[in-house]
Structure formats: structure tokens, C-alpha cells
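Written out below as C-alpha cells is the structure these notes cover.
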Amino acid sequence: MLEHSGQFLYADLVSGGANRPIWSRKQIEQVIGYILVAPLLCWMLVVLIYPIFSLLALSLTNTRIIGAPASFIAAENYVATLQSAPFWASVARSLVWLLGNIFLGTVVALAAALLLRQSWLLARHARVWILLPWVIPTVAVSVIWQWMLNTNYGVINIALQHLAITSAPLNIFGSRQLAMVGVIVANTWHWFPLSAVVMFGAMHNIPADLYEAAQIDGANSWQQFRHITLPSIEKVLFALGLVGGLWTLNVFDTIYLITRGGPSDATQTLPVLIYDTAFKGQRIGLAAAMSVVAICLLAALATLYARIAAPKEE
């Protein structure tokens, strides 16, 4: 028996009596690995793959109510979806919702992460309390922002009038022009702490020697941020943009709790439209087809983002 690179190799038997091992150590380790991963694969099969196939099957029927008789109608729901003006209008609103959240959320989170890096006493306390908005339930966040932006007694409206920025209260959630801005601000406030903490962790790993060398060379704060901080956290920003973008496009609860897609469908993004189609319009088969098309659009958008924004390998 010969040992080579951690594996046991056996010479060919020239005489009977000895038994050749059936598996090598590497093969045994692979089998053990498959056994350990099997429960996770089974769980993914139950919670991911099976629902997707069920959704595909449902989208090919004219199901109106769960449990009611339905018939196979092939691709009629998909044709209706692709020809639906409200569907494409909701896609456009979803893109506005996505871009608004990504822009505002990134700016606020980046500014917060930079402040958390400071050595001030307030910054040290903020590192503990910054996650508070993130841990608040969405229902509570929705109620808070409805109160703060209320036309009659909202603190933000009162502040705007005291500062002479506006002469009259703004009915933000009742305005087609301002409702989307209001829900974007509320959603950003809820989720920016998580991004800020991730960015802060990435910035914390940047060697201090780089900043010291830049200061010796005469670089100001903006130049240090542009040429050291941003390139160092580029991969983190890319990951946050990808995961956060997909997460944002699937947000339903914040919008529905605050505006229910209104006023006049001004905040009716794809998740809200799918919900309304399924449970208000009682067209579950059509809603399933919309969901499948939405999944395809999300996959295409994620692929496009990955090709355009992926950090270049050095």
C-alpha cells in the first residue's frame, strides 16, 4: 500500500487473500459532503423549486379563486400580460421606485458610514443605535411616516412651514406627484442602516497607511475619498446594489401599508399590481403569469447590472 498526497493507492494484487478498498479517501469525503448538503438541497426543493413550478402551472390556467375549478388556457395569460398597459405602467413605476431607493439609499448610507468612522463620542454611540430603524417592524415604520407626513399635524409639514419652505401643508401621500417620493423616503429610512453598517465594515478594513501616505502627498479629504475609499469598497457597493436592488423591487408591504398603490395607481409597483390582480380582481392565473414575467425581467435586470457595474479584476 502506497501513500501519495494524502490518498492511499493500492498496488495491484498479485496473489489472493487481500481485499482492494472499494472507495478512496477522497471519494468517501465527497460522499460525506453530499450527505451533509442533502438536507439543504431538499429544503430548497420544497421552498424554492416546487413553488416556481407550481407558479408556472398556475399561470397556464384561468384560475380565479384558489380551490375553484379551472381549465388549461395555454399562454393566454402571458399574452394578456404583455399586452396590458397597466402592467407596463407598473414596470415603469417599479423602475422609478428602484432608482429612487438605490440613489437615496446609497447616498444616505455612504454618508452615515463615513460619519460612523469618526472618533467623536457621538459617532461611537451612533454605531450602536443606527440599526434601530432597521429593526422596527414595517407596520410601525408605515404608521410613523404617515404621522410625520400628515397634512394636518405632521411634524415635517409643520417644520417646512416654520422654515418658510412651503406656505401650506403638503398632502404628500395624497398627491400623484409626491406620493412616490414619500414612500421612497420612508423605505430608505427603514433600510439604509443595514447598508451603512456593511459599508462601515468595509471601510474599517482599509489600511490606515493609505490615508497617511495620501496626506503626506497633499491629498485633501475629497481626493482621499475618491481615490482610496471608493475603490476599496467597490465590491461591497456592487454587492449591495445587486442584492438591495432585487430586494427593493420586491418590496410590497411598505407601499401597500402607506398608500395601497395610490393615489390613482401612482405608487402601484409590480408587487402591488400582482396582489391587486390576484386578490382584488380575483384573477390568480393572470397574476401568476405576471409574476413569471416579473421574474424574467428581474433576472434580465440583474444580468445587465452585473455586466455593467461588476468591479474590474485587477
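Chain identifiers are assigned as A, B, and so on, following the order in which chains appear in the C-alpha cells; residues are numbered from 1 within each chain, and ligands are numbered from 1 in order of appearance.
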I'd like the neighbourhood of Gln282 (chain A) as an mmCIF file with all heavy atoms, in the first residue's frame, where a residue qualifies if any of its atoms comes within 10 Å (using only C-alpha atoms), though same-chain residues fewer than 6 positions away should be ignored.
```
data_model
loop_
_atom_site.group_PDB
_atom_site.id
_atom_site.type_symbol
_atom_site.label_atom_id
_atom_site.label_comp_id
_atom_site.auth_asym_id
_atom_site.auth_seq_id
_atom_site.Cartn_x
_atom_site.Cartn_y
_atom_site.Cartn_z
ATOM 1 N N THR A 63 -57.459 30.146 -13.435
ATOM 2 C CA THR A 63 -57.833 30.119 -12.019
ATOM 3 C C THR A 63 -58.223 31.517 -11.538
ATOM 4 O O THR A 63 -57.495 32.482 -11.755
ATOM 5 C CB THR A 63 -56.665 29.601 -11.160
ATOM 6 O OG1 THR A 63 -56.265 28.315 -11.637
ATOM 7 C CG2 THR A 63 -57.067 29.507 -9.696
ATOM 8 N N ARG A 64 -59.367 31.600 -10.887
ATOM 9 C CA ARG A 64 -59.832 32.873 -10.343
ATOM 10 C C ARG A 64 -59.809 32.857 -8.822
ATOM 11 O O ARG A 64 -59.520 33.873 -8.200
ATOM 12 C CB ARG A 64 -61.252 33.185 -10.833
ATOM 13 C CG ARG A 64 -61.367 33.280 -12.357
ATOM 14 C CD ARG A 64 -62.738 33.798 -12.765
ATOM 15 N NE ARG A 64 -62.916 35.191 -12.384
ATOM 16 C CZ ARG A 64 -62.560 36.227 -13.141
ATOM 17 N NH1 ARG A 64 -61.992 36.024 -14.323
ATOM 18 N NH2 ARG A 64 -62.766 37.469 -12.733
ATOM 19 N N ILE A 65 -60.120 31.719 -8.223
ATOM 20 C CA ILE A 65 -60.102 31.570 -6.774
ATOM 21 C C ILE A 65 -59.416 30.243 -6.460
ATOM 22 O O ILE A 65 -59.681 29.231 -7.120
ATOM 23 C CB ILE A 65 -61.527 31.584 -6.179
ATOM 24 C CG1 ILE A 65 -62.235 32.895 -6.541
ATOM 25 C CG2 ILE A 65 -61.490 31.413 -4.663
ATOM 26 C CD1 ILE A 65 -63.677 32.947 -6.092
ATOM 27 N N ILE A 66 -58.536 30.246 -5.459
ATOM 28 C CA ILE A 66 -57.853 29.025 -5.076
ATOM 29 C C ILE A 66 -58.867 27.974 -4.638
ATOM 30 O O ILE A 66 -59.744 28.228 -3.812
ATOM 31 C CB ILE A 66 -56.866 29.297 -3.919
ATOM 32 C CG1 ILE A 66 -55.731 30.206 -4.395
ATOM 33 C CG2 ILE A 66 -56.293 27.991 -3.379
ATOM 34 C CD1 ILE A 66 -54.844 29.574 -5.430
ATOM 35 N N TYR A 275 -50.641 41.696 -6.563
ATOM 36 C CA TYR A 275 -51.544 41.445 -5.434
ATOM 37 C C TYR A 275 -52.968 41.870 -5.773
ATOM 38 O O TYR A 275 -53.927 41.119 -5.517
ATOM 39 C CB TYR A 275 -51.041 42.202 -4.202
ATOM 40 C CG TYR A 275 -51.965 42.106 -3.015
ATOM 41 C CD1 TYR A 275 -51.874 41.052 -2.117
ATOM 42 C CD2 TYR A 275 -52.947 43.076 -2.800
ATOM 43 C CE1 TYR A 275 -52.733 40.962 -1.038
ATOM 44 C CE2 TYR A 275 -53.802 42.998 -1.717
ATOM 45 C CZ TYR A 275 -53.696 41.941 -0.843
ATOM 46 O OH TYR A 275 -54.557 41.856 0.229
ATOM 47 N N ASP A 276 -53.128 43.069 -6.329
ATOM 48 C CA ASP A 276 -54.461 43.556 -6.675
ATOM 49 C C ASP A 276 -55.128 42.654 -7.717
ATOM 50 O O ASP A 276 -56.326 42.387 -7.640
ATOM 51 C CB ASP A 276 -54.378 44.987 -7.212
ATOM 52 C CG ASP A 276 -54.041 45.998 -6.121
ATOM 53 O OD1 ASP A 276 -54.226 45.663 -4.935
ATOM 54 O OD2 ASP A 276 -53.597 47.111 -6.462
#
```
### Query
Quick one: of A:Thr106, A:Gln30, A:Thr61, A:Thr229, who's nearest to Val197 (chain A), counting only C-alpha atoms?
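Ranking A:Thr106, A:Gln30, A:Thr61, A:Thr229 by distance to Val197 (chain A), first place goes to A:Thr106.
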### Task
Would you mind telling me which residue in A:Gly241, A:Ile156, A:Phe252, A:Thr259 lies nearest to Ala302 (chain A) when using only C-alpha atoms?
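That would be A:Gly241, the residue with the smallest distance to Ala302 (chain A).
Relative to CA of Leu115 (chain A), CA of Gly245 (chain A) is found at 24.1 Å.
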### Task
Pick out the residues sitting within 8 Å of Asn62 (chain A), and hand them over as a list in words; count only C-alpha atoms, and ignore anything fewer than 4 positions along from it in its own chain.
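The residues that qualify are Ala70, Ser71, Phe72, Ile73, Asn77, Arg283, Ile284, Gly285 and Leu286 of chain A.
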### Task
Return as a VMD selection string the full set of residues in region 132-273 of chain A whose backbone-based DSSP assignment is alpha helix (DSSP H).
chain A and resid 132 to 135 138 to 148 155 to 162 179 to 204 208 to 216 221 to 224 230 to 232 234 to 249 253 to 258 270 to 273
### A:Val272, A:Val143, A:Val198, A:Leu246 ranked by distance to Ala300 (chain A), top pick (using only C-alpha atoms)
A:Leu246
### Query
Which polymer residues have any atom within 7 Å of an atom of region 147-152 of chain A, counting only C-alpha atoms, with same-chain residues fewer than 4 positions away left out, as a VMD selection string?
chain A and resid 143 156 to 157 169 to 172
### Query
Separation of CA of Gln215 (chain A) and CA of Trp120 (chain A), in Å?
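CA of Gln215 (chain A) sits 20.5 Å away from CA of Trp120 (chain A).
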